[in-house]
file query_16.csv (CSV, C-alpha atoms)
chain,number,residue,atom,x,y,z
T,294,MET,CA,103.3,-62.3,-180.9
T,295,SER,CA,103.5,-61.3,-177.3
T,296,GLN,CA,105.4,-58.1,-177.9
T,297,ALA,CA,103.9,-55.3,-180.0
T,298,THR,CA,105.8,-55.2,-183.3
T,299,ALA,CA,105.9,-52.4,-185.9
T,300,ILE,CA,107.4,-51.9,-189.3
T,301,ILE,CA,108.2,-48.4,-190.6
T,302,ILE,CA,108.5,-48.2,-194.4
T,303,GLY,CA,110.4,-45.1,-195.3
T,304,ALA,CA,112.2,-44.6,-191.9
T,305,SER,CA,114.8,-42.1,-193.0
T,306,SER,CA,112.8,-38.9,-192.7
T,307,GLN,CA,112.9,-36.8,-189.5
T,308,LEU,CA,109.3,-37.5,-188.9
T,309,SER,CA,109.8,-41.3,-189.2
T,310,ARG,CA,112.7,-41.1,-186.8
T,311,GLU,CA,110.7,-39.2,-184.2
T,312,ILE,CA,107.9,-41.8,-184.5
T,313,ALA,CA,110.5,-44.6,-184.1
T,314,ILE,CA,111.8,-42.9,-180.9
T,315,GLN,CA,108.3,-42.7,-179.4
T,316,LEU,CA,107.4,-46.3,-180.4
T,317,CYS,CA,110.6,-47.5,-178.7
T,318,GLU,CA,109.6,-45.6,-175.6
T,319,GLN,CA,106.4,-47.7,-175.7
T,320,GLN,CA,108.6,-50.8,-175.9
T,321,VAL,CA,107.5,-51.7,-179.4
T,322,LYS,CA,109.8,-54.0,-181.4
T,323,LEU,CA,110.8,-52.1,-184.6
T,324,ALA,CA,111.9,-52.8,-188.1
T,325,LEU,CA,113.0,-49.8,-190.1
T,326,LEU,CA,113.0,-50.1,-193.9
T,327,VAL,CA,115.0,-47.5,-195.9
T,328,PRO,CA,116.7,-47.3,-199.3
T,329,ALA,CA,120.1,-46.9,-197.7
T,330,PRO,CA,120.4,-48.7,-194.3
T,331,GLU,CA,123.8,-47.3,-193.6
T,332,ALA,CA,122.4,-43.8,-193.6
T,333,ILE,CA,120.4,-44.5,-190.4
T,334,ALA,CA,122.6,-47.1,-188.8
T,335,ASP,CA,123.9,-44.7,-186.2
T,336,PHE,CA,120.5,-43.4,-185.4
T,337,ALA,CA,119.1,-46.9,-185.0
T,338,ALA,CA,121.9,-47.8,-182.6
T,339,THR,CA,120.8,-45.1,-180.2
T,340,LEU,CA,117.3,-46.5,-179.9
T,341,PRO,CA,116.5,-48.7,-176.9
T,342,GLY,CA,114.9,-52.2,-177.3
T,343,SER,CA,114.8,-54.4,-180.4
T,344,VAL,CA,115.4,-52.4,-183.6
T,345,SER,CA,116.5,-53.7,-186.9
T,346,VAL,CA,117.3,-51.9,-190.2
T,347,HIS,CA,116.6,-53.3,-193.6
T,348,ALA,CA,117.0,-52.2,-197.3
T,349,LEU,CA,114.0,-51.3,-199.4
T,350,ASP,CA,114.1,-50.3,-203.0
T,351,ILE,CA,110.9,-48.4,-203.4
T,352,CYS,CA,111.6,-47.6,-207.0
T,353,ALA,CA,111.7,-51.3,-207.9
T,354,PRO,CA,108.3,-52.6,-206.7
T,355,ASP,CA,109.0,-56.3,-207.4
T,356,ILE,CA,112.3,-56.1,-205.4
T,357,ALA,CA,110.6,-54.0,-202.6
T,358,ILE,CA,107.8,-56.5,-202.2
T,359,ASN,CA,110.3,-59.4,-201.7
T,360,GLN,CA,112.3,-57.3,-199.3
T,361,LEU,CA,109.2,-56.4,-197.2
T,362,THR,CA,108.0,-60.0,-197.2
T,363,GLN,CA,111.4,-61.3,-196.0
T,364,VAL,CA,111.4,-58.8,-193.1
T,365,TRP,CA,107.8,-59.8,-192.2
T,366,GLN,CA,108.8,-63.4,-192.1
T,367,GLN,CA,111.9,-62.7,-190.0
T,368,LEU,CA,109.8,-60.8,-187.5
T,369,GLY,CA,107.0,-63.4,-187.5
T,370,GLY,CA,104.5,-60.7,-188.5
T,371,ALA,CA,103.7,-57.3,-187.2
T,372,HIS,CA,100.8,-55.5,-185.4
T,373,LEU,CA,101.4,-52.2,-187.3
T,374,VAL,CA,103.0,-51.2,-190.6
T,375,LEU,CA,103.4,-47.5,-191.2
T,376,VAL,CA,104.1,-46.4,-194.7
T,377,ASN,CA,105.9,-43.0,-195.0
T,378,THR,CA,107.2,-42.8,-198.5
T,379,GLY,CA,107.0,-39.9,-201.0
T,380,VAL,CA,108.9,-37.4,-203.0
T,381,ASN,CA,107.9,-33.9,-204.2
T,382,HIS,CA,109.2,-31.5,-206.8
T,383,TYR,CA,108.0,-28.2,-208.2
T,384,ASN,CA,109.1,-26.8,-211.6
T,385,PRO,CA,106.8,-24.5,-213.5
T,386,GLU,CA,108.1,-25.9,-216.7
T,387,LEU,CA,106.8,-29.3,-215.8
T,388,PRO,CA,109.6,-31.5,-217.1
T,389,TRP,CA,108.7,-35.2,-217.3
T,390,ALA,CA,111.6,-36.7,-215.4
T,391,PRO,CA,110.6,-35.4,-211.9
T,392,GLU,CA,106.9,-36.0,-212.7
T,393,GLU,CA,107.8,-39.6,-213.5
T,394,GLU,CA,109.8,-40.0,-210.3
T,395,ILE,CA,106.9,-38.8,-208.2
T,396,ILE,CA,104.6,-41.3,-209.9
T,397,LYS,CA,107.0,-44.2,-209.5
T,398,VAL,CA,107.5,-43.5,-205.8
T,399,ASN,CA,104.2,-42.0,-204.6
T,400,VAL,CA,101.9,-44.1,-206.8
T,401,THR,CA,103.5,-47.4,-208.0
T,402,GLY,CA,105.8,-47.8,-205.0
T,403,PHE,CA,103.2,-46.8,-202.5
T,404,ALA,CA,100.5,-49.1,-203.9
T,405,ALA,CA,102.9,-52.0,-204.0
T,406,MET,CA,103.8,-51.6,-200.4
T,407,CYS,CA,100.2,-51.1,-199.2
T,408,ASN,CA,99.0,-54.0,-201.3
T,409,THR,CA,101.7,-56.3,-199.9
T,410,VAL,CA,101.0,-55.2,-196.3
T,411,PHE,CA,97.3,-55.7,-196.7
T,412,ASN,CA,97.8,-59.3,-198.0
T,413,LEU,CA,100.3,-60.1,-195.2
T,414,LEU,CA,97.8,-58.8,-192.6
T,415,ARG,CA,95.0,-60.8,-194.2
T,416,GLN,CA,97.1,-64.0,-193.9
T,417,GLN,CA,98.0,-63.1,-190.4
T,418,GLY,CA,94.3,-62.4,-189.6
T,419,TYR,CA,94.6,-59.0,-188.0
T,420,GLY,CA,96.7,-55.8,-187.8
T,421,GLN,CA,96.9,-52.2,-188.9
T,422,LEU,CA,98.2,-50.4,-191.9
T,423,GLY,CA,98.8,-46.7,-191.5
T,424,ALA,CA,100.1,-44.3,-194.1
T,425,ILE,CA,101.4,-40.8,-193.9
T,426,ASN,CA,99.5,-39.1,-196.6
T,427,SER,CA,98.9,-35.3,-197.2
T,428,VAL,CA,96.1,-32.8,-197.4
T,429,ALA,CA,97.6,-31.9,-200.8
T,430,GLY,CA,95.6,-34.8,-202.2
T,431,LEU,CA,92.3,-32.9,-201.6
T,432,ARG,CA,92.7,-30.8,-204.7
T,433,GLY,CA,95.0,-30.3,-207.6
T,434,GLY,CA,97.9,-28.0,-207.3
T,435,PRO,CA,101.0,-26.6,-209.0
T,436,SER,CA,103.1,-29.7,-208.0
T,437,VAL,CA,100.8,-31.6,-210.4
T,438,SER,CA,101.9,-35.2,-210.0
T,439,TYR,CA,102.4,-34.7,-206.2
T,440,HIS,CA,98.9,-33.5,-205.6
T,441,ALA,CA,97.5,-36.2,-207.9
T,442,SER,CA,99.6,-38.9,-206.2
T,443,LYS,CA,98.2,-38.0,-202.8
T,444,ALA,CA,94.7,-38.2,-204.1
T,445,PHE,CA,95.5,-41.6,-205.4
T,446,ALA,CA,96.9,-42.7,-202.0
T,447,GLN,CA,93.7,-41.4,-200.3
T,448,ASN,CA,91.4,-43.4,-202.5
T,449,TYR,CA,93.7,-46.5,-202.4
T,450,LEU,CA,93.6,-46.5,-198.7
T,451,GLU,CA,89.8,-46.0,-198.7
T,452,GLY,CA,89.5,-48.9,-201.1
T,453,LEU,CA,91.6,-51.2,-198.9
T,454,SER,CA,89.4,-50.3,-195.9
T,455,MET,CA,86.2,-51.1,-197.8
T,456,HIS,CA,87.7,-54.4,-198.9
T,457,ALA,CA,88.6,-55.3,-195.3
T,458,GLN,CA,85.1,-54.6,-194.3
T,459,ARG,CA,83.6,-56.7,-197.1
T,460,LEU,CA,85.8,-59.6,-196.0
T,461,LYS,CA,85.0,-58.9,-192.4
T,462,LEU,CA,88.6,-58.8,-191.4
T,463,PRO,CA,89.9,-57.2,-188.2
T,464,ILE,CA,92.3,-55.0,-190.3
T,465,THR,CA,92.5,-51.3,-189.6
T,466,ILE,CA,93.4,-48.9,-192.4
T,467,THR,CA,94.5,-45.4,-191.2
T,468,ASP,CA,95.1,-42.5,-193.5
T,469,ILE,CA,97.1,-39.8,-191.8
T,470,GLN,CA,96.4,-36.5,-193.7
T,471,LEU,CA,99.5,-34.5,-192.8
T,472,GLY,CA,99.4,-30.8,-193.2
T,473,MET,CA,101.8,-29.1,-195.7
T,474,LEU,CA,104.3,-28.3,-193.0
T,475,ASP,CA,107.2,-27.6,-195.3
T,476,LYS,CA,105.1,-25.0,-197.2
T,477,ALA,CA,103.9,-23.5,-193.9
T,478,ALA,CA,107.5,-23.2,-192.6
T,479,MET,CA,108.6,-21.5,-195.8
T,480,GLN,CA,105.8,-19.0,-195.5
T,481,GLY,CA,106.5,-18.5,-191.8
T,482,ALA,CA,102.9,-19.5,-191.0
T,483,LYS,CA,103.5,-20.5,-187.4
T,484,MET,CA,99.8,-21.1,-186.7
T,485,TRP,CA,99.9,-24.1,-189.0
T,486,LEU,CA,103.2,-25.6,-187.6
T,487,ALA,CA,103.8,-27.9,-184.6
T,488,PRO,CA,107.0,-29.3,-183.1
T,489,LEU,CA,108.0,-32.6,-184.6
T,490,PRO,CA,107.5,-34.6,-181.3
T,491,VAL,CA,103.9,-33.2,-181.2
T,492,VAL,CA,103.2,-34.2,-184.8
T,493,ALA,CA,104.6,-37.7,-184.1
T,494,ALA,CA,102.6,-38.1,-180.9
T,495,GLN,CA,99.4,-37.1,-182.7
T,496,ILE,CA,100.0,-39.6,-185.4
T,497,LEU,CA,100.6,-42.4,-182.9
T,498,LYS,CA,97.5,-41.4,-181.0
T,499,ALA,CA,95.4,-41.6,-184.1
T,500,LEU,CA,96.9,-45.0,-184.9
T,501,ALA,CA,96.2,-46.2,-181.4
T,502,LYS,CA,92.6,-45.1,-181.7
T,503,GLY,CA,92.2,-47.0,-184.9
T,504,LYS,CA,91.0,-43.9,-186.8
T,505,ARG,CA,90.1,-44.3,-190.4
T,506,ARG,CA,91.4,-40.8,-191.2
T,507,ALA,CA,93.2,-38.2,-189.1
T,508,TYR,CA,94.5,-34.7,-189.8
T,509,VAL,CA,97.9,-33.9,-188.3
T,510,PRO,CA,98.4,-31.3,-186.8
T,511,LYS,CA,94.8,-31.3,-185.8
T,512,ARG,CA,94.2,-27.7,-186.8
T,513,TRP,CA,94.8,-28.6,-190.5
T,514,ILE,CA,91.2,-30.0,-190.6
T,515,ILE,CA,90.2,-26.4,-191.0
T,516,VAL,CA,92.3,-26.1,-194.2
T,517,ALA,CA,90.9,-29.4,-195.4
T,518,TRP,CA,87.3,-28.3,-195.0
T,519,THR,CA,88.0,-24.9,-196.6
T,520,THR,CA,89.9,-26.5,-199.5
T,521,ARG,CA,87.0,-28.8,-200.3
T,522,LEU,CA,84.4,-26.0,-200.2
T,523,LEU,CA,86.2,-23.5,-202.4
T,524,PRO,CA,84.8,-23.2,-205.9
T,525,GLU,CA,87.5,-24.0,-208.5
T,526,PHE,CA,87.7,-20.4,-209.9
T,527,ILE,CA,88.5,-19.1,-206.4
T,528,TYR,CA,90.9,-22.0,-205.5
T,529,ASN,CA,92.7,-21.6,-208.8
T,530,THR,CA,93.0,-17.8,-208.6
T,531,ARG,CA,94.3,-18.0,-205.1
T,532,ARG,CA,97.0,-20.5,-206.2
T,533,TRP,CA,98.2,-18.5,-209.2
T,534,LYS,CA,98.3,-15.2,-207.3
T,535,SER,CA,100.5,-16.8,-204.6
T,536,LYS,CA,102.9,-18.1,-207.3
T,537,GLN,CA,103.0,-14.7,-209.0
T,538,LYS,CA,103.9,-12.9,-205.8
T,539,LYS,CA,106.8,-15.4,-205.1
T,540,THR,CA,108.1,-14.9,-208.7
T,541,GLU,CA,108.0,-11.1,-208.4
T,542,ASN,CA,109.8,-11.2,-205.1

call {"tool": "encode", "arguments": {"input": "query_16.csv", "output": "structure tokens"}}
result
Amino acid sequence: MSQATAIIIGASSQLSREIAIQLCEQQVKLALLVPAPEAIADFAATLPGSVSVHALDICAPDIAINQLTQVWQQLGGAHLVLVNTGVNHYNPELPWAPEEEIIKVNVTGFAAMCNTVFNLLRQQGYGQLGAINSVAGLRGGPSVSYHASKAFAQNYLEGLSMHAQRLKLPITITDIQLGMLDKAAMQGAKMWLAPLPVVAAQILKALAKGKRRAYVPKRWIIVAWTTRLLPEFIYNTRRWKSKQKKTEN
């Protein structure tokens, strides 16, 4: 491939769209994979360069694997595949249905996509797999399955990186530990927020440098370090007090 080519899995989010815009500015050939292609058709039409949109059923892993493989073959391979899939719910009653959906998308669907990408890159002989993950995976939390799913993603990516090293393959695995920006926005914590173009630019910079793990926005590394160091009784008390205050308000 003479032209840099990238695939974005889960291209319907605002973050994925901003990343797509910046990749197009770098003259990267793009394939956008989403559950409903018609939902981003107008957006894709505004992008310069070569951009294609394809369907991907993340909730049906066998179908999604075939869809991704077909796109890969149509493109003739890719230098970069970025996985940005995930759902999150919070309900203090912990009903099973939303928990199951999180596991289906964030664990089963995520693993199916990363596994397929890794094997396609191995056949190609090189490339990079990047994934938008979350600092929520560092510890457990009230959104039980979401936090657990992000911990799974972190360990899955680390395992793929170790496997590539064992096989001595020039395949880069990058785990983008995204700060909990939605939560920061709800709490009005401006210090922990950053404009979307800045977030996307930091992600692409980390990918370009081939980093194994990157915290975005960068200041969230402080939260990550603190979260790891807190004893469970302090971490847990802090969590519940926060929830109680919200309920009382």

call {"tool": "closest_residue", "arguments": {"input": "query_16.csv", "among": "T:Gln366, T:Thr519, T:Ser442, T:Gln320", "to": "T:Gly342", "atoms": "all atoms listed in the file"}}
result
T:Gln320

call {"tool": "residues_near_point", "arguments": {"input": "query_16.csv", "point": "(107.3, -35.9, -199.5)", "cutoff": "9 Å", "atoms": "all atoms listed in the file", "output": "JSON, numbers by chain"}}
result
{"T": [377, 378, 379, 380, 381, 382, 399, 426, 427, 439]}

call {"tool": "write_last_selection", "arguments": {"input": "query_16.csv", "atoms": "C-alpha atoms", "output": "short mmCIF file (atom, residue, chain, number, x, y, z; two decimals), in the coordinates of the input"}}
result
data_model
loop_
_atom_site.label_atom_id
_atom_site.label_comp_id
_atom_site.auth_asym_id
_atom_site.auth_seq_id
_atom_site.Cartn_x
_atom_site.Cartn_y
_atom_site.Cartn_z
CA ASN T 377 105.90 -43.00 -195.00
CA THR T 378 107.20 -42.80 -198.50
CA GLY T 379 107.00 -39.90 -201.00
CA VAL T 380 108.90 -37.40 -203.00
CA ASN T 381 107.90 -33.90 -204.20
CA HIS T 382 109.20 -31.50 -206.80
CA ASN T 399 104.20 -42.00 -204.60
CA ASN T 426 99.50 -39.10 -196.60
CA SER T 427 98.90 -35.30 -197.20
CA TYR T 439 102.40 -34.70 -206.20
#

call {"tool": "atom_distance", "arguments": {"input": "query_16.csv", "atom1": "atom CA of T:Ala299", "atom2": "atom CA of T:Val492"}}
result
18.4 Å

call {"tool": "closest_residue", "arguments": {"input": "query_16.csv", "among": "T:Ile527, T:Leu414, T:Leu431, T:Ala444", "to": "T:Ala457", "atoms": "only C-alpha atoms"}}
result
T:Leu414

call {"tool": "closest_residue", "arguments": {"input": "query_16.csv", "among": "T:Val428, T:Ala493, T:Val346, T:Met473", "to": "T:Ala329", "atoms": "only C-alpha atoms"}}
result
T:Val346

call {"tool": "residues_around", "arguments": {"input": "query_16.csv", "residues": "T:Pro510", "least_positions_apart": "6", "cutoff": "9 Å", "atoms": "only C-alpha atoms", "output": "PyMOL selection string"}}
result
chain T and resi 470-472+485-487+491-492+495-496

call {"tool": "closest_residue", "arguments": {"input": "query_16.csv", "among": "T:Val321, T:Ala446, T:Val344, T:Ala337", "to": "T:Ile396", "atoms": "only C-alpha atoms"}}
result
T:Ala446

call {"tool": "residues_around", "arguments": {"input": "query_16.csv", "residues": "T:Glu311", "least_positions_apart": "3", "cutoff": "12 Å", "atoms": "all atoms listed in the file", "output": "PyMOL selection string"}}
result
chain T and resi 301+304-308+314-318+336-337+340+488-497

call {"tool": "atom_distance", "arguments": {"input": "query_16.csv", "atom1": "atom CA of T:Tyr419", "atom2": "atom CA of T:Pro463"}}
result
5.0 Å

call {"tool": "residues_near_point", "arguments": {"input": "query_16.csv", "point": "(117.8, -53.7, -187.1)", "cutoff": "9 Å", "atoms": "only C-alpha atoms", "output": "PDB file with C-alpha atoms, in the frame of the given file"}}
result
ATOM      1  CA  LEU T 323     110.800 -52.100-184.600  1.00  0.00           C
ATOM      2  CA  ALA T 324     111.900 -52.800-188.100  1.00  0.00           C
ATOM      3  CA  LEU T 325     113.000 -49.800-190.100  1.00  0.00           C
ATOM      4  CA  ALA T 334     122.600 -47.100-188.800  1.00  0.00           C
ATOM      5  CA  ALA T 337     119.100 -46.900-185.000  1.00  0.00           C
ATOM      6  CA  ALA T 338     121.900 -47.800-182.600  1.00  0.00           C
ATOM      7  CA  SER T 343     114.800 -54.400-180.400  1.00  0.00           C
ATOM      8  CA  VAL T 344     115.400 -52.400-183.600  1.00  0.00           C
ATOM      9  CA  SER T 345     116.500 -53.700-186.900  1.00  0.00           C
ATOM     10  CA  VAL T 346     117.300 -51.900-190.200  1.00  0.00           C
ATOM     11  CA  HIS T 347     116.600 -53.300-193.600  1.00  0.00           C
TER      12      HIS T 347
END

call {"tool": "residues_around", "arguments": {"input": "query_16.csv", "residues": "T:Gln417", "least_positions_apart": "3", "cutoff": "12 Å", "atoms": "all atoms listed in the file", "output": "list of chain:residue names"}}
result
T:Met294, T:Trp365, T:Gln366, T:Gly369, T:Gly370, T:Ala371, T:His372, T:Leu373, T:Val410, T:Phe411, T:Asn412, T:Leu413, T:Leu414, T:Gly420, T:Gln421, T:Leu462, T:Pro463, T:Ile464

call {"tool": "residues_around", "arguments": {"input": "query_16.csv", "residues": "T:Ser454", "least_positions_apart": "6", "cutoff": "9 Å", "atoms": "only C-alpha atoms", "output": "PyMOL selection string"}}
result
chain T and resi 464-467+505

call {"tool": "atom_distance", "arguments": {"input": "query_16.csv", "atom1": "atom CA of T:Ala405", "atom2": "atom CA of T:Gln458"}}
result
20.4 Å

call {"tool": "closest_residue", "arguments": {"input": "query_16.csv", "among": "T:Ile425, T:Ala357, T:Arg310, T:Gly433", "to": "T:Thr339", "atoms": "only C-alpha atoms"}}
result
T:Arg310

call {"tool": "closest_residue", "arguments": {"input": "query_16.csv", "among": "T:Cys352, T:Ala390, T:Ala297, T:Ile469", "to": "T:Val509", "atoms": "only C-alpha atoms"}}
result
T:Ile469

call {"tool": "decode", "arguments": {"input": "query_16.csv", "residues": "stretch 330-438 of chain T", "atoms": "C-alpha atoms", "output": "mmCIF file, in the first residue's frame"}}
result
data_model
loop_
_atom_site.group_PDB
_atom_site.id
_atom_site.type_symbol
_atom_site.label_atom_id
_atom_site.label_comp_id
_atom_site.auth_asym_id
_atom_site.auth_seq_id
_atom_site.Cartn_x
_atom_site.Cartn_y
_atom_site.Cartn_z
ATOM 1 C CA PRO T 330 -24.131 3.390 7.719
ATOM 2 C CA GLU T 331 -26.965 5.696 6.683
ATOM 3 C CA ALA T 332 -26.595 7.585 9.972
ATOM 4 C CA ILE T 333 -23.162 8.937 9.017
ATOM 5 C CA ALA T 334 -23.521 9.018 5.227
ATOM 6 C CA ASP T 335 -23.930 12.808 5.152
ATOM 7 C CA PHE T 336 -20.929 13.284 7.443
ATOM 8 C CA ALA T 337 -18.749 10.964 5.349
ATOM 9 C CA ALA T 338 -19.698 12.878 2.204
ATOM 10 C CA THR T 339 -18.171 16.054 3.672
ATOM 11 C CA LEU T 340 -14.761 14.434 4.198
ATOM 12 C CA PRO T 341 -12.057 15.005 1.581
ATOM 13 C CA GLY T 342 -10.171 12.135 0.001
ATOM 14 C CA SER T 343 -11.105 8.462 -0.137
ATOM 15 C CA VAL T 344 -13.706 7.574 2.501
ATOM 16 C CA SER T 345 -16.036 4.577 2.530
ATOM 17 C CA VAL T 346 -18.743 3.602 5.020
ATOM 18 C CA HIS T 347 -19.614 0.018 5.907
ATOM 19 C CA ALA T 348 -22.038 -1.825 8.180
ATOM 20 C CA LEU T 349 -20.797 -3.617 11.291
ATOM 21 C CA ASP T 350 -23.037 -5.565 13.681
ATOM 22 C CA ILE T 351 -20.952 -5.468 16.856
ATOM 23 C CA CYS T 352 -23.631 -7.401 18.791
ATOM 24 C CA ALA T 353 -23.277 -10.400 16.455
ATOM 25 C CA PRO T 354 -19.545 -11.292 16.566
ATOM 26 C CA ASP T 355 -19.593 -13.901 13.772
ATOM 27 C CA ILE T 356 -21.302 -11.465 11.409
ATOM 28 C CA ALA T 357 -19.054 -8.581 12.495
ATOM 29 C CA ILE T 358 -15.910 -10.646 11.879
ATOM 30 C CA ASN T 359 -17.036 -11.402 8.329
ATOM 31 C CA GLN T 360 -17.975 -7.770 7.703
ATOM 32 C CA LEU T 361 -14.594 -6.522 8.940
ATOM 33 C CA THR T 362 -12.709 -9.130 6.933
ATOM 34 C CA GLN T 363 -14.556 -8.172 3.751
ATOM 35 C CA VAL T 364 -13.722 -4.490 4.240
ATOM 36 C CA TRP T 365 -10.076 -5.406 4.876
ATOM 37 C CA GLN T 366 -9.950 -7.378 1.635
ATOM 38 C CA GLN T 367 -11.605 -4.562 -0.327
ATOM 39 C CA LEU T 368 -9.017 -2.097 0.957
ATOM 40 C CA GLY T 369 -6.140 -4.489 0.400
ATOM 41 C CA GLY T 370 -5.190 -4.180 4.079
ATOM 42 C CA ALA T 371 -4.652 -1.240 6.421
ATOM 43 C CA HIS T 372 -1.835 0.418 8.322
ATOM 44 C CA LEU T 373 -4.043 1.294 11.291
ATOM 45 C CA VAL T 374 -7.239 -0.080 12.767
ATOM 46 C CA LEU T 375 -8.820 1.956 15.561
ATOM 47 C CA VAL T 376 -11.494 0.287 17.688
ATOM 48 C CA ASN T 377 -13.880 2.695 19.393
ATOM 49 C CA THR T 378 -16.845 0.637 20.523
ATOM 50 C CA GLY T 379 -18.578 0.641 23.857
ATOM 51 C CA VAL T 380 -21.785 1.241 25.778
ATOM 52 C CA ASN T 381 -22.367 2.328 29.353
ATOM 53 C CA HIS T 382 -25.369 2.367 31.683
ATOM 54 C CA TYR T 383 -25.849 3.087 35.355
ATOM 55 C CA ASN T 384 -28.794 1.812 37.370
ATOM 56 C CA PRO T 385 -28.427 1.299 41.138
ATOM 57 C CA GLU T 386 -30.887 -1.611 40.917
ATOM 58 C CA LEU T 387 -28.442 -3.458 38.623
ATOM 59 C CA PRO T 388 -30.998 -5.042 36.248
ATOM 60 C CA TRP T 389 -29.443 -7.759 34.112
ATOM 61 C CA ALA T 390 -30.495 -6.537 30.644
ATOM 62 C CA PRO T 391 -28.207 -3.456 30.505
ATOM 63 C CA GLU T 392 -25.398 -5.404 32.183
ATOM 64 C CA GLU T 393 -25.708 -8.067 29.499
ATOM 65 C CA GLU T 394 -25.641 -5.454 26.728
ATOM 66 C CA ILE T 395 -22.433 -3.953 28.115
ATOM 67 C CA ILE T 396 -20.789 -7.379 28.228
ATOM 68 C CA LYS T 397 -21.929 -8.217 24.690
ATOM 69 C CA VAL T 398 -20.561 -5.011 23.204
ATOM 70 C CA ASN T 399 -17.618 -4.087 25.444
ATOM 71 C CA VAL T 400 -16.279 -7.592 26.034
ATOM 72 C CA THR T 401 -17.453 -10.081 23.404
ATOM 73 C CA GLY T 402 -17.737 -7.616 20.523
ATOM 74 C CA PHE T 403 -14.535 -5.804 21.465
ATOM 75 C CA ALA T 404 -12.534 -9.028 21.758
ATOM 76 C CA ALA T 405 -13.903 -10.330 18.450
ATOM 77 C CA MET T 406 -12.826 -7.166 16.653
ATOM 78 C CA CYS T 407 -9.359 -6.990 18.245
ATOM 79 C CA ASN T 408 -8.724 -10.693 17.681
ATOM 80 C CA THR T 409 -9.720 -10.405 14.018
ATOM 81 C CA VAL T 410 -7.612 -7.281 13.492
ATOM 82 C CA PHE T 411 -4.588 -8.894 15.128
ATOM 83 C CA ASN T 412 -4.798 -11.938 12.865
ATOM 84 C CA LEU T 413 -5.272 -9.775 9.771
ATOM 85 C CA LEU T 414 -2.219 -7.713 10.745
ATOM 86 C CA ARG T 415 -0.235 -10.892 11.361
ATOM 87 C CA GLN T 416 -1.096 -12.157 7.864
ATOM 88 C CA GLN T 417 -0.180 -8.762 6.433
ATOM 89 C CA GLY T 418 3.087 -8.744 8.364
ATOM 90 C CA TYR T 419 2.808 -5.312 9.998
ATOM 91 C CA GLY T 420 0.434 -2.630 11.230
ATOM 92 C CA GLN T 421 -1.115 -1.063 14.299
ATOM 93 C CA LEU T 422 -4.168 -1.815 16.392
ATOM 94 C CA GLY T 423 -5.369 1.056 18.551
ATOM 95 C CA ALA T 424 -8.322 0.989 20.921
ATOM 96 C CA ILE T 425 -10.169 3.744 22.742
ATOM 97 C CA ASN T 426 -10.359 2.354 26.251
ATOM 98 C CA SER T 427 -11.046 4.112 29.576
ATOM 99 C CA VAL T 428 -9.426 4.853 32.916
ATOM 100 C CA ALA T 429 -12.644 3.370 34.358
ATOM 101 C CA GLY T 430 -10.971 -0.008 33.921
ATOM 102 C CA LEU T 431 -8.375 0.759 36.588
ATOM 103 C CA ARG T 432 -10.780 -0.023 39.456
ATOM 104 C CA GLY T 433 -14.289 -1.302 39.989
ATOM 105 C CA GLY T 434 -17.127 1.200 40.088
ATOM 106 C CA PRO T 435 -20.896 1.759 40.361
ATOM 107 C CA SER T 436 -21.349 0.964 36.649
ATOM 108 C CA VAL T 437 -20.235 -2.544 37.492
ATOM 109 C CA SER T 438 -20.051 -4.209 34.088
#
